[in-house]
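*Asks:* I have a structure I would like to understand better, so I am pasting it below and will then ask my questions one at a time.
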Protein chains: 2
Amino acid sequence: MKLYDLTRSYEMFEEAKKYVPNGIYGPRTPAFLTFGSYPAFLKRGEGCRVWDVDGNEYIDYMCSFGTNLLGLKHPAVEAAARKQQDNADCFTLPSDLWVPLAKKIVETIDGADWCVFGKNGSDVTSYAITVARTHTAKSEILLARGSYHGSHFWCQPHGEGVPPEWKTHIQYFQYNNVEEFTNLVKQHTGKIAAVMLTPHAHDAMKDQELPTKEFVAAVNALAKQEGFLVIVDDIRCGFRLKLEGSALHYGWKADLQCFGKAMANGYPISVATGKNEMKESAQKIFFTGTHFFSGVPFAAALATMDEIRQSGAIEKIDTLGRSLMKGLEEAASAAGVKVTLSGPPAMPFMNFADDPTFEINRFFCGEAARRGIFFHPHHNWFVCAAMTESDIQKTLEVSAQCFKLTREKTGG
Amino acid sequence: MKLYDLTRSYEMFEEAKKYVPNGIYGPRTPAFLTFGSYPAFLKRGEGCRVWDVDGNEYIDYMCSFGTNLLGLKHPAVEAAARKQQDNADCFTLPSDLWVPLAKKIVETIDGADWCVFGKNGSDVTSYAITVARTHTAKSEILLARGSYHGSHFWCQPHGEGVPPEWKTHIQYFQYNNVEEFTNLVKQHTGKIAAVMLTPHAHDAMKDQELPTKEFVAAVNALAKQEGFLVIVDDIRCGFRLKLEGSALHYGWKADLQCFGKAMANGYPISVATGKNEMKESAQKIFFTGTHFFSGVPFAAALATMDEIRQSGAIEKIDTLGRSLMKGLEEAASAAGVKVTLSGPPAMPFMNFADDPTFEINRFFCGEAARRGIFFHPHHNWFVCAAMTESDIQKTLEVSAQCFKLTREKTGG
């Protein structure tokens, strides 16, 4: 097999550096992948496939970092978006889809009595902690160490240029550590507004971790007992594990929930939901943005939610994900390579044994990328409903080859 | 003339309250207009016109709060957006339009050596202060009292649910007040990272105020002398006053500039630009968002910038705005009503004399709305290039009628 030529991507990346600090920033930079083995820019996409600027084709297991659930350019979503675009997108006032989408969110999401719409995930995670603080008249927010909740100052993983005062009132615990969480609650008793949690732990550079029953029970019980709120940040998992929300899937008793990414299959919209008890507080919060009210993402979200339900997309990606995880384990084992597959099948992640700096993972993923399989060495993957068992088989064939190379490389 | 029937709008608004706190939030709520006289939801739009859910037609002087510069559904912008949509929108990596747009921004905007893209205006104002802090290793940010720079915690106009620590390091002065600004700089000497300013003062609930030459000179000189940066928040004015940026238009020596709104004619994208001296600091900043890299808004921005230049849109809206301002002044005077027209013609605002609570303005604007002219009683207006002199004439005819009603109402 001829390895992919990435000449144009890296020429463009060099050119990008002239105009943009680091060329590309955030997790979309090739520096967060296996530099030199992944493309830097994509030209087009369809379903689960993308083509880079050199014309190479990939089966994309990043699924646009989670927004692509039904497949790129899904016909029903595109048709709905285009219909609203014909009416117009960004208006002076909300479109006539405002009420239908709000109603559908409330009717679909378990424990959602009301909702507000934003654009970025960070818009709604920041909103949710503000509602919690207003509702409880308390200020402390509990977060799991290493969990990602957005790029706003209070939660961003790096603090360059952020004054320490702007990161106060955030208290950290270890995900799934009942004792540490319980002690943290005791330590801040009477001052806690909310705990914000991802449905399961899907931090970058780590195996994924499902929440233990004990941890879920402890958080639910302590929140009730102490009077603080449970906020589930379902931006990355939402609409992938259960249509009614990942909180229901794992048993979190969520007071506020945040969604984005997959909810409109790539169109920019996010949503925070809450319970009736918080609605009066929510009415006091300042929340707005120029494009929060644009109609096209509303049309896309309505179509996406209908399509997820009708097509059984969630069951489908679970089945495909299981094939992938099982197949990767078998292929690794056959090559004599030790791997850990973690997380739910709809969004798996793979790590290598004795690979603390992810060097082996970068090698394996880089080899896979140069053969048309877009995994990620540092971030959980996503499965989308446009994939087929035959895509999974193709993926496993390439993976088998790359495991062999990995075994050779690591001196097997 | 039969006044507009708004039955469906307000039925939908009541229904919205079931699912969304306050029904609609932010400045798009009918509660921020003349409640009962404005529609709550829009069905479709084209050029400078919008139609509400009851089928009423308006000439829209809010222009989607500034995003609509070329006209809704502008053919060249729509064609470019659709072409990219056919390639796909939200990708795992940036599209091949990343470099072309970055290059065009740097080549177009005066004093821009590099840029980064976000989604909301707030994304890039928050980014800009972070670059300034990293670059200067100082923490204080100077803002004009009442100026709007977004909805993030540090700058939002209301503070409900925001701990006081998260609003520290922000120091306020009065726009155009050289003495107060100078004293503030003295008071915080050695600690100031940046001043952030709108190109002119366009605060809600106030006459607009152009920057005085003395104020611009004082800010420029003090920044240089003290070593802090000048950040121009050009999100609302950008691409309306001068293609190269409103900083150049007014004489601000901007180190960092923020744009959004009109730059893609309604597609969601924002951009921060900076000078070479800050590029190394910018490389250290954490900045990302799920939809920051989507291709369609990049295509729309490229087409919008080309179209602004080729069509002379900025000159056109200046001319139309002058006709509007002059016509309104004359019509008011003819009806014996005293008004103040303020701001640049491309984005004017009108206030009534002796109207501290905006009651007269709400009456006038409400009467105009019910006759098909969408002004705003509390927020600056926008002119768009899809308007014609005949639209302005129609606007002035309705306005003449409404000034007469206002005169009667206020006991003339």
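Every chain in the structure tokens has a letter given in the order shown (A, B, ...), and although residue numbers restart at 1 in each chain, ligands are simply numbered from 1 in the order shown.
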Would you write out chain B as a short mmCIF file (atom, residue, chain, number, x, y, z; two decimals) with C-alpha atoms, in the first residue's frame, after superposing it on chain A by least squares over all in-order Cα pairs?
*Replies:*
data_model
loop_
_atom_site.label_atom_id
_atom_site.label_comp_id
_atom_site.auth_asym_id
_atom_site.auth_seq_id
_atom_site.Cartn_x
_atom_site.Cartn_y
_atom_site.Cartn_z
CA MET B 1 0.01 -0.02 0.02
CA LYS B 2 1.33 3.37 -0.95
CA LEU B 3 1.48 5.68 2.06
CA TYR B 4 -0.41 8.94 1.80
CA ASP B 5 1.43 11.97 0.49
CA LEU B 6 0.69 15.02 2.68
CA THR B 7 2.75 17.61 0.83
CA ARG B 8 -0.02 20.13 0.24
CA SER B 9 -1.30 19.89 3.84
CA TYR B 10 2.09 20.79 5.28
CA GLU B 11 2.78 23.50 2.71
CA MET B 12 -0.52 25.05 3.71
CA PHE B 13 0.32 24.58 7.40
CA GLU B 14 3.59 26.48 6.90
CA GLU B 15 1.65 29.21 5.10
CA ALA B 16 -0.94 29.28 7.89
CA LYS B 17 1.79 30.09 10.41
CA LYS B 18 2.37 33.39 8.63
CA TYR B 19 -1.18 34.50 9.37
CA VAL B 20 -2.26 32.59 12.49
CA PRO B 21 -0.30 32.01 15.72
CA ASN B 22 0.87 28.37 15.57
CA GLY B 23 -0.86 28.02 12.17
CA ILE B 24 -3.81 26.17 13.72
CA TYR B 25 -4.77 26.36 17.43
CA GLY B 26 -6.62 24.08 19.83
CA PRO B 27 -7.00 20.35 19.36
CA ARG B 28 -7.29 20.67 15.56
CA THR B 29 -3.59 21.41 15.14
CA PRO B 30 -1.57 18.52 13.65
CA ALA B 31 0.73 19.04 16.63
CA PHE B 32 -1.93 17.38 18.83
CA LEU B 33 -1.83 14.30 16.54
CA THR B 34 1.21 12.56 15.08
CA PHE B 35 2.89 15.50 13.43
CA GLY B 36 3.79 14.72 9.83
CA SER B 37 1.50 11.70 9.54
CA TYR B 38 -1.87 13.46 9.65
CA PRO B 39 -3.28 16.00 7.23
CA ALA B 40 -3.62 19.60 8.41
CA PHE B 41 -6.59 20.66 6.25
CA LEU B 42 -9.61 18.88 4.84
CA LYS B 43 -11.19 19.61 1.49
CA ARG B 44 -14.47 17.71 1.64
CA GLY B 45 -16.46 15.08 3.47
CA GLU B 46 -19.41 12.76 3.10
CA GLY B 47 -20.88 10.28 5.59
CA CYS B 48 -18.01 8.95 7.71
CA ARG B 49 -15.35 9.85 5.15
CA VAL B 50 -13.21 12.94 4.67
CA TRP B 51 -10.73 13.90 1.95
CA ASP B 52 -7.73 16.07 2.72
CA VAL B 53 -6.23 18.82 0.55
CA ASP B 54 -3.86 16.28 -1.06
CA GLY B 55 -6.85 14.16 -2.12
CA ASN B 56 -6.32 11.36 0.43
CA GLU B 57 -9.42 9.60 1.74
CA TYR B 58 -10.00 8.74 5.42
CA ILE B 59 -12.55 6.90 7.48
CA ASP B 60 -12.86 9.54 10.19
CA TYR B 61 -13.11 8.26 13.78
CA MET B 62 -12.98 11.81 15.14
CA CYS B 63 -16.32 12.66 13.52
CA SER B 64 -15.59 16.40 13.65
CA PHE B 65 -14.78 16.04 17.37
CA GLY B 66 -18.23 14.65 17.97
CA THR B 67 -20.58 16.79 15.92
CA ASN B 68 -20.84 14.24 13.13
CA LEU B 69 -23.28 11.62 14.40
CA LEU B 70 -25.45 10.87 11.35
CA GLY B 71 -22.78 11.34 8.71
CA LEU B 72 -21.48 14.48 7.03
CA LYS B 73 -23.98 16.01 4.61
CA HIS B 74 -26.82 13.84 5.88
CA PRO B 75 -29.67 14.33 3.36
CA ALA B 76 -32.50 14.91 5.86
CA VAL B 77 -30.47 17.36 7.93
CA GLU B 78 -29.19 19.20 4.87
CA ALA B 79 -32.70 19.46 3.42
CA ALA B 80 -34.08 20.93 6.65
CA ALA B 81 -31.19 23.37 6.94
CA ARG B 82 -31.56 24.48 3.33
CA LYS B 83 -35.28 25.02 3.74
CA GLN B 84 -34.65 27.37 6.68
CA GLN B 85 -31.78 29.03 4.81
CA ASP B 86 -34.29 29.86 2.08
CA ASN B 87 -36.30 31.72 4.75
CA ALA B 88 -33.06 33.29 6.11
CA ASP B 89 -30.69 32.31 8.90
CA CYS B 90 -29.53 35.12 11.22
CA PHE B 91 -32.46 37.43 11.96
CA THR B 92 -33.13 40.44 14.16
CA LEU B 93 -35.51 38.17 16.13
CA PRO B 94 -35.68 34.41 16.66
CA SER B 95 -37.21 32.35 13.85
CA ASP B 96 -40.45 30.41 14.01
CA LEU B 97 -38.40 27.29 14.91
CA TRP B 98 -37.56 28.71 18.36
CA VAL B 99 -40.61 27.22 20.07
CA PRO B 100 -40.63 23.89 18.18
CA LEU B 101 -37.00 23.15 19.09
CA ALA B 102 -37.38 24.27 22.71
CA LYS B 103 -40.46 22.06 22.97
CA LYS B 104 -38.68 19.11 21.41
CA ILE B 105 -35.70 19.45 23.76
CA VAL B 106 -37.98 19.60 26.80
CA GLU B 107 -40.00 16.62 25.57
CA THR B 108 -36.93 14.56 24.65
CA ILE B 109 -34.40 15.15 27.43
CA ASP B 110 -35.12 13.44 30.74
CA GLY B 111 -35.36 15.99 33.55
CA ALA B 112 -35.49 19.01 31.24
CA ASP B 113 -38.35 21.39 32.03
CA TRP B 114 -36.92 24.34 30.10
CA CYS B 115 -33.94 25.24 27.97
CA VAL B 116 -31.84 28.08 26.55
CA PHE B 117 -29.78 28.01 23.36
CA GLY B 118 -26.19 29.15 22.78
CA LYS B 119 -23.55 28.55 20.16
CA ASN B 120 -20.45 27.02 21.78
CA GLY B 121 -20.40 24.36 24.45
CA SER B 122 -18.69 26.88 26.74
CA ASP B 123 -21.64 29.25 26.36
CA VAL B 124 -23.94 26.78 28.08
CA THR B 125 -21.53 25.39 30.70
CA SER B 126 -20.87 28.97 31.83
CA TYR B 127 -24.60 29.62 31.79
CA ALA B 128 -25.33 26.52 33.86
CA ILE B 129 -22.96 27.40 36.69
CA THR B 130 -24.47 30.89 36.76
CA VAL B 131 -27.99 29.51 37.12
CA ALA B 132 -26.76 27.21 39.89
CA ARG B 133 -25.14 30.11 41.73
CA THR B 134 -28.22 32.30 41.39
CA HIS B 135 -30.51 29.48 42.47
CA THR B 136 -28.49 28.43 45.51
CA ALA B 137 -26.99 31.82 46.39
CA LYS B 138 -23.73 29.88 46.86
CA SER B 139 -20.54 30.28 44.87
CA GLU B 140 -18.39 27.13 44.89
CA ILE B 141 -18.37 24.85 41.84
CA LEU B 142 -16.95 21.34 42.12
CA LEU B 143 -15.20 19.90 39.06
CA ALA B 144 -13.36 16.66 38.40
CA ARG B 145 -9.64 17.23 37.93
CA GLY B 146 -8.82 17.01 34.21
CA SER B 147 -12.39 17.03 32.92
CA TYR B 148 -12.90 19.44 30.04
CA HIS B 149 -15.84 21.84 30.27
CA GLY B 150 -14.82 24.46 27.71
CA SER B 151 -12.43 27.27 26.98
CA HIS B 152 -13.85 30.01 29.21
CA PHE B 153 -11.55 31.36 31.89
CA TRP B 154 -13.02 29.48 34.86
CA CYS B 155 -12.61 26.03 33.31
CA GLN B 156 -9.95 26.16 30.61
CA PRO B 157 -7.19 23.59 31.08
CA HIS B 158 -4.37 26.12 30.64
CA GLY B 159 -4.30 29.40 32.49
CA GLU B 160 -1.94 31.55 30.40
CA GLY B 161 -3.01 35.17 30.72
CA VAL B 162 -5.81 34.44 33.20
CA PRO B 163 -5.57 36.19 36.61
CA PRO B 164 -5.80 33.76 39.55
CA GLU B 165 -8.90 35.53 40.90
CA TRP B 166 -10.79 34.50 37.77
CA LYS B 167 -10.21 30.85 38.63
CA THR B 168 -11.35 31.07 42.25
CA HIS B 169 -14.42 29.25 43.62
CA ILE B 170 -13.61 26.10 41.62
CA GLN B 171 -12.82 23.05 43.77
CA TYR B 172 -11.39 19.86 42.34
CA PHE B 173 -11.83 16.17 43.08
CA GLN B 174 -10.86 12.94 41.34
CA TYR B 175 -13.58 11.44 39.14
CA ASN B 176 -15.03 8.28 40.75
CA ASN B 177 -13.29 8.95 44.05
CA VAL B 178 -16.17 8.87 46.56
CA GLU B 179 -13.97 9.58 49.55
CA GLU B 180 -12.29 12.63 48.05
CA PHE B 181 -15.61 13.96 46.77
CA THR B 182 -17.24 13.49 50.16
CA ASN B 183 -14.39 15.23 51.93
CA LEU B 184 -14.48 18.12 49.47
CA VAL B 185 -18.19 18.56 50.10
CA LYS B 186 -17.60 18.51 53.86
CA GLN B 187 -14.79 21.02 53.52
CA HIS B 188 -16.98 23.49 51.60
CA THR B 189 -20.28 22.67 53.24
CA GLY B 190 -22.83 25.46 52.95
CA LYS B 191 -20.92 27.16 50.14
CA ILE B 192 -21.43 24.82 47.18
CA ALA B 193 -23.60 25.89 44.24
CA ALA B 194 -23.06 22.83 42.05
CA VAL B 195 -20.96 19.94 40.92
CA MET B 196 -20.38 19.78 37.17
CA LEU B 197 -19.56 16.38 35.71
CA THR B 198 -19.11 14.77 32.33
CA PRO B 199 -21.41 11.72 32.14
CA HIS B 200 -18.34 9.50 32.20
CA ALA B 201 -14.69 10.58 32.35
CA HIS B 202 -13.45 11.26 28.82
CA ASP B 203 -10.41 13.41 29.54
CA ALA B 204 -7.73 13.68 26.86
CA MET B 205 -4.52 11.66 27.39
CA LYS B 206 -6.21 9.06 29.61
CA ASP B 207 -8.24 5.89 29.41
CA GLN B 208 -11.90 6.70 29.60
CA GLU B 209 -13.61 5.79 32.87
CA LEU B 210 -17.28 4.93 33.31
CA PRO B 211 -18.79 6.29 36.52
CA THR B 212 -19.05 3.69 39.27
CA LYS B 213 -22.48 3.08 40.78
CA GLU B 214 -21.12 4.10 44.16
CA PHE B 215 -19.84 7.40 42.81
CA VAL B 216 -23.10 8.24 41.05
CA ALA B 217 -25.05 7.38 44.19
CA ALA B 218 -22.74 9.41 46.41
CA VAL B 219 -22.91 12.50 44.20
CA ASN B 220 -26.69 12.29 43.89
CA ALA B 221 -27.13 11.81 47.63
CA LEU B 222 -24.68 14.50 48.74
CA ALA B 223 -26.18 17.03 46.33
CA LYS B 224 -29.63 16.40 47.74
CA GLN B 225 -28.43 16.43 51.32
CA GLU B 226 -26.29 19.56 51.00
CA GLY B 227 -28.62 21.42 48.65
CA PHE B 228 -26.26 21.90 45.72
CA LEU B 229 -27.12 21.18 42.08
CA VAL B 230 -25.86 18.43 39.79
CA ILE B 231 -24.87 19.76 36.35
CA VAL B 232 -24.19 17.13 33.70
CA ASP B 233 -21.99 18.43 30.88
CA ASP B 234 -23.31 16.20 28.11
CA ILE B 235 -21.77 18.19 25.26
CA ARG B 236 -19.47 15.43 24.08
CA CYS B 237 -21.59 12.35 24.90
CA GLY B 238 -25.05 13.80 24.32
CA PHE B 239 -27.23 12.07 21.70
CA ARG B 240 -24.62 9.30 21.41
CA LEU B 241 -25.49 7.14 24.42
CA LYS B 242 -29.19 7.73 24.96
CA LEU B 243 -31.60 10.08 23.25
CA GLU B 244 -33.01 11.20 26.62
CA GLY B 245 -29.53 12.23 27.76
CA SER B 246 -26.44 10.57 29.19
CA ALA B 247 -27.51 11.55 32.71
CA LEU B 248 -30.36 9.07 32.46
CA HIS B 249 -28.01 6.55 30.83
CA TYR B 250 -25.67 6.54 33.83
CA GLY B 251 -28.11 7.44 36.59
CA TRP B 252 -27.05 11.02 37.39
CA LYS B 253 -29.90 13.00 38.96
CA ALA B 254 -29.17 16.09 36.90
CA ASP B 255 -30.68 19.47 37.75
CA LEU B 256 -29.05 21.18 34.77
CA GLN B 257 -27.72 19.58 31.58
CA CYS B 258 -25.61 20.93 28.74
CA PHE B 259 -25.67 19.70 25.14
CA GLY B 260 -24.04 20.70 21.86
CA LYS B 261 -21.92 18.90 19.27
CA ALA B 262 -24.04 16.04 17.88
CA MET B 263 -27.39 17.73 18.51
CA ALA B 264 -27.43 19.44 15.10
CA ASN B 265 -25.02 17.11 13.28
CA GLY B 266 -22.44 19.86 12.73
CA TYR B 267 -24.54 23.02 12.69
CA PRO B 268 -23.50 25.39 15.46
CA ILE B 269 -25.88 25.28 18.41
CA SER B 270 -25.69 24.35 22.08
CA VAL B 271 -28.37 24.10 24.74
CA ALA B 272 -28.66 24.15 28.53
CA THR B 273 -31.67 22.54 30.15
CA GLY B 274 -32.95 22.90 33.67
CA LYS B 275 -35.68 21.89 36.06
CA ASN B 276 -38.69 23.99 36.96
CA GLU B 277 -37.24 24.80 40.40
CA MET B 278 -34.45 26.77 38.67
CA LYS B 279 -36.56 28.56 36.11
CA GLU B 280 -37.12 31.69 38.17
CA SER B 281 -33.38 32.00 38.80
CA ALA B 282 -32.71 31.42 35.11
CA GLN B 283 -34.91 34.39 34.30
CA LYS B 284 -32.41 36.66 36.04
CA ILE B 285 -29.34 35.55 34.09
CA PHE B 286 -27.79 37.68 31.37
CA PHE B 287 -27.22 35.44 28.36
CA THR B 288 -26.99 36.37 24.70
CA GLY B 289 -24.86 36.20 21.57
CA THR B 290 -25.16 37.55 18.06
CA HIS B 291 -25.80 34.19 16.41
CA PHE B 292 -27.60 32.37 19.25
CA PHE B 293 -30.95 32.95 17.52
CA SER B 294 -30.08 31.97 13.93
CA GLY B 295 -32.69 29.69 12.38
CA VAL B 296 -30.63 27.25 10.34
CA PRO B 297 -29.04 25.39 13.28
CA PHE B 298 -32.53 25.12 14.82
CA ALA B 299 -33.80 23.44 11.64
CA ALA B 300 -30.77 21.15 11.62
CA ALA B 301 -31.26 20.23 15.30
CA LEU B 302 -34.94 19.39 14.78
CA ALA B 303 -34.09 17.18 11.80
CA THR B 304 -31.13 15.58 13.58
CA MET B 305 -33.19 14.63 16.63
CA ASP B 306 -35.94 13.18 14.46
CA GLU B 307 -33.44 11.23 12.40
CA ILE B 308 -31.62 9.85 15.46
CA ARG B 309 -34.89 8.49 16.79
CA GLN B 310 -36.26 7.16 13.50
CA SER B 311 -33.04 5.59 12.25
CA GLY B 312 -31.98 4.00 15.53
CA ALA B 313 -28.64 5.78 15.18
CA ILE B 314 -27.72 5.31 18.84
CA GLU B 315 -28.18 1.53 18.72
CA LYS B 316 -26.31 1.44 15.43
CA ILE B 317 -23.21 3.26 16.66
CA ASP B 318 -23.22 1.09 19.78
CA THR B 319 -23.14 -2.06 17.61
CA LEU B 320 -20.50 -0.68 15.25
CA GLY B 321 -18.42 0.50 18.18
CA ARG B 322 -18.53 -2.95 19.77
CA SER B 323 -17.28 -4.51 16.53
CA LEU B 324 -14.49 -1.96 16.39
CA MET B 325 -13.40 -2.41 20.00
CA LYS B 326 -13.53 -6.20 19.85
CA GLY B 327 -11.75 -6.26 16.49
CA LEU B 328 -8.98 -3.95 17.67
CA GLU B 329 -8.42 -6.01 20.79
CA GLU B 330 -8.17 -9.19 18.73
CA ALA B 331 -5.91 -7.64 16.11
CA ALA B 332 -3.62 -6.22 18.80
CA SER B 333 -3.49 -9.53 20.58
CA ALA B 334 -2.75 -11.37 17.33
CA ALA B 335 0.19 -9.02 16.75
CA GLY B 336 1.41 -9.47 20.32
CA VAL B 337 0.66 -5.90 21.33
CA LYS B 338 -1.07 -4.96 24.57
CA VAL B 339 -3.80 -2.36 24.36
CA THR B 340 -6.63 -1.04 26.49
CA LEU B 341 -9.92 -0.16 24.84
CA SER B 342 -11.94 2.14 27.08
CA GLY B 343 -15.19 4.07 27.13
CA PRO B 344 -18.60 3.30 25.68
CA PRO B 345 -18.58 1.71 22.19
CA ALA B 346 -20.12 4.83 20.63
CA MET B 347 -17.03 6.81 21.61
CA PRO B 348 -14.14 4.48 22.35
CA PHE B 349 -10.47 5.20 23.01
CA MET B 350 -7.41 2.98 22.72
CA ASN B 351 -4.22 3.14 24.72
CA PHE B 352 -1.07 0.99 24.61
CA ALA B 353 0.48 -0.67 27.63
CA ASP B 354 3.67 0.92 28.93
CA ASP B 355 3.13 4.05 26.89
CA PRO B 356 3.11 6.89 29.42
CA THR B 357 4.04 9.58 26.87
CA PHE B 358 1.77 8.20 24.15
CA GLU B 359 4.75 7.65 21.87
CA ILE B 360 3.55 4.19 20.81
CA ASN B 361 0.00 5.47 20.32
CA ARG B 362 1.24 8.31 18.16
CA PHE B 363 3.24 5.84 16.07
CA PHE B 364 0.28 3.48 15.64
CA CYS B 365 -2.22 6.22 14.88
CA GLY B 366 0.21 7.95 12.53
CA GLU B 367 0.69 4.73 10.54
CA ALA B 368 -3.08 4.24 10.43
CA ALA B 369 -3.61 7.83 9.26
CA ARG B 370 -1.16 7.38 6.41
CA ARG B 371 -3.27 4.40 5.36
CA GLY B 372 -6.64 6.14 5.52
CA ILE B 373 -7.87 5.53 9.07
CA PHE B 374 -8.26 8.69 11.15
CA PHE B 375 -7.88 7.69 14.82
CA HIS B 376 -6.55 10.00 17.53
CA PRO B 377 -3.62 9.15 19.84
CA HIS B 378 -4.66 11.53 22.64
CA HIS B 379 -8.41 12.09 22.50
CA ASN B 380 -11.40 9.75 22.57
CA TRP B 381 -12.77 8.71 19.21
CA PHE B 382 -16.33 8.78 17.89
CA VAL B 383 -18.35 6.32 15.84
CA CYS B 384 -20.99 7.69 13.47
CA ALA B 385 -24.13 6.15 12.06
CA ALA B 386 -22.90 6.57 8.48
CA MET B 387 -20.29 3.87 9.15
CA THR B 388 -20.96 0.29 8.06
CA GLU B 389 -19.61 -3.06 9.19
CA SER B 390 -17.56 -3.03 6.00
CA ASP B 391 -15.94 0.26 7.09
CA ILE B 392 -15.14 -1.36 10.43
CA GLN B 393 -13.63 -4.37 8.62
CA LYS B 394 -11.48 -2.11 6.45
CA THR B 395 -10.42 -0.25 9.60
CA LEU B 396 -9.47 -3.53 11.30
CA GLU B 397 -7.42 -4.67 8.30
CA VAL B 398 -5.39 -1.47 8.33
CA SER B 399 -5.14 -1.69 12.13
CA ALA B 400 -3.79 -5.25 11.97
CA GLN B 401 -1.04 -4.00 9.69
CA CYS B 402 -0.26 -1.10 12.00
CA PHE B 403 -0.22 -3.28 15.13
CA LYS B 404 2.40 -5.41 13.36
CA LEU B 405 4.48 -2.33 12.57
CA THR B 406 4.05 -1.20 16.17
CA ARG B 407 5.23 -4.58 17.43
CA GLU B 408 8.33 -4.34 15.19
CA LYS B 409 8.98 -0.77 16.23
CA THR B 410 8.72 -1.47 19.95
CA GLY B 411 11.14 -4.40 19.53
CA GLY B 412 8.77 -7.34 19.51
#
*Asks:* Got a sec to tell me which of stretch 216-336 of chain A DSSP assigns to strand (DSSP E), as a list in words?
*Replies:*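 Assigned to strand (DSSP E), within stretch 216-336 of chain A: Leu229, Val230, Ile231, Val232, Asp233, Leu256, Gln257, Cys258, Phe259, Ser270, Val271, Ala272, Thr273 and Gly274 of chain A.
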*Asks:* Write down as a count of residues only the residues belonging to stretch 188-378 of chain A that are assigned helix (DSSP H, G or I) by DSSP computed on the backbone.
*Replies:* 80
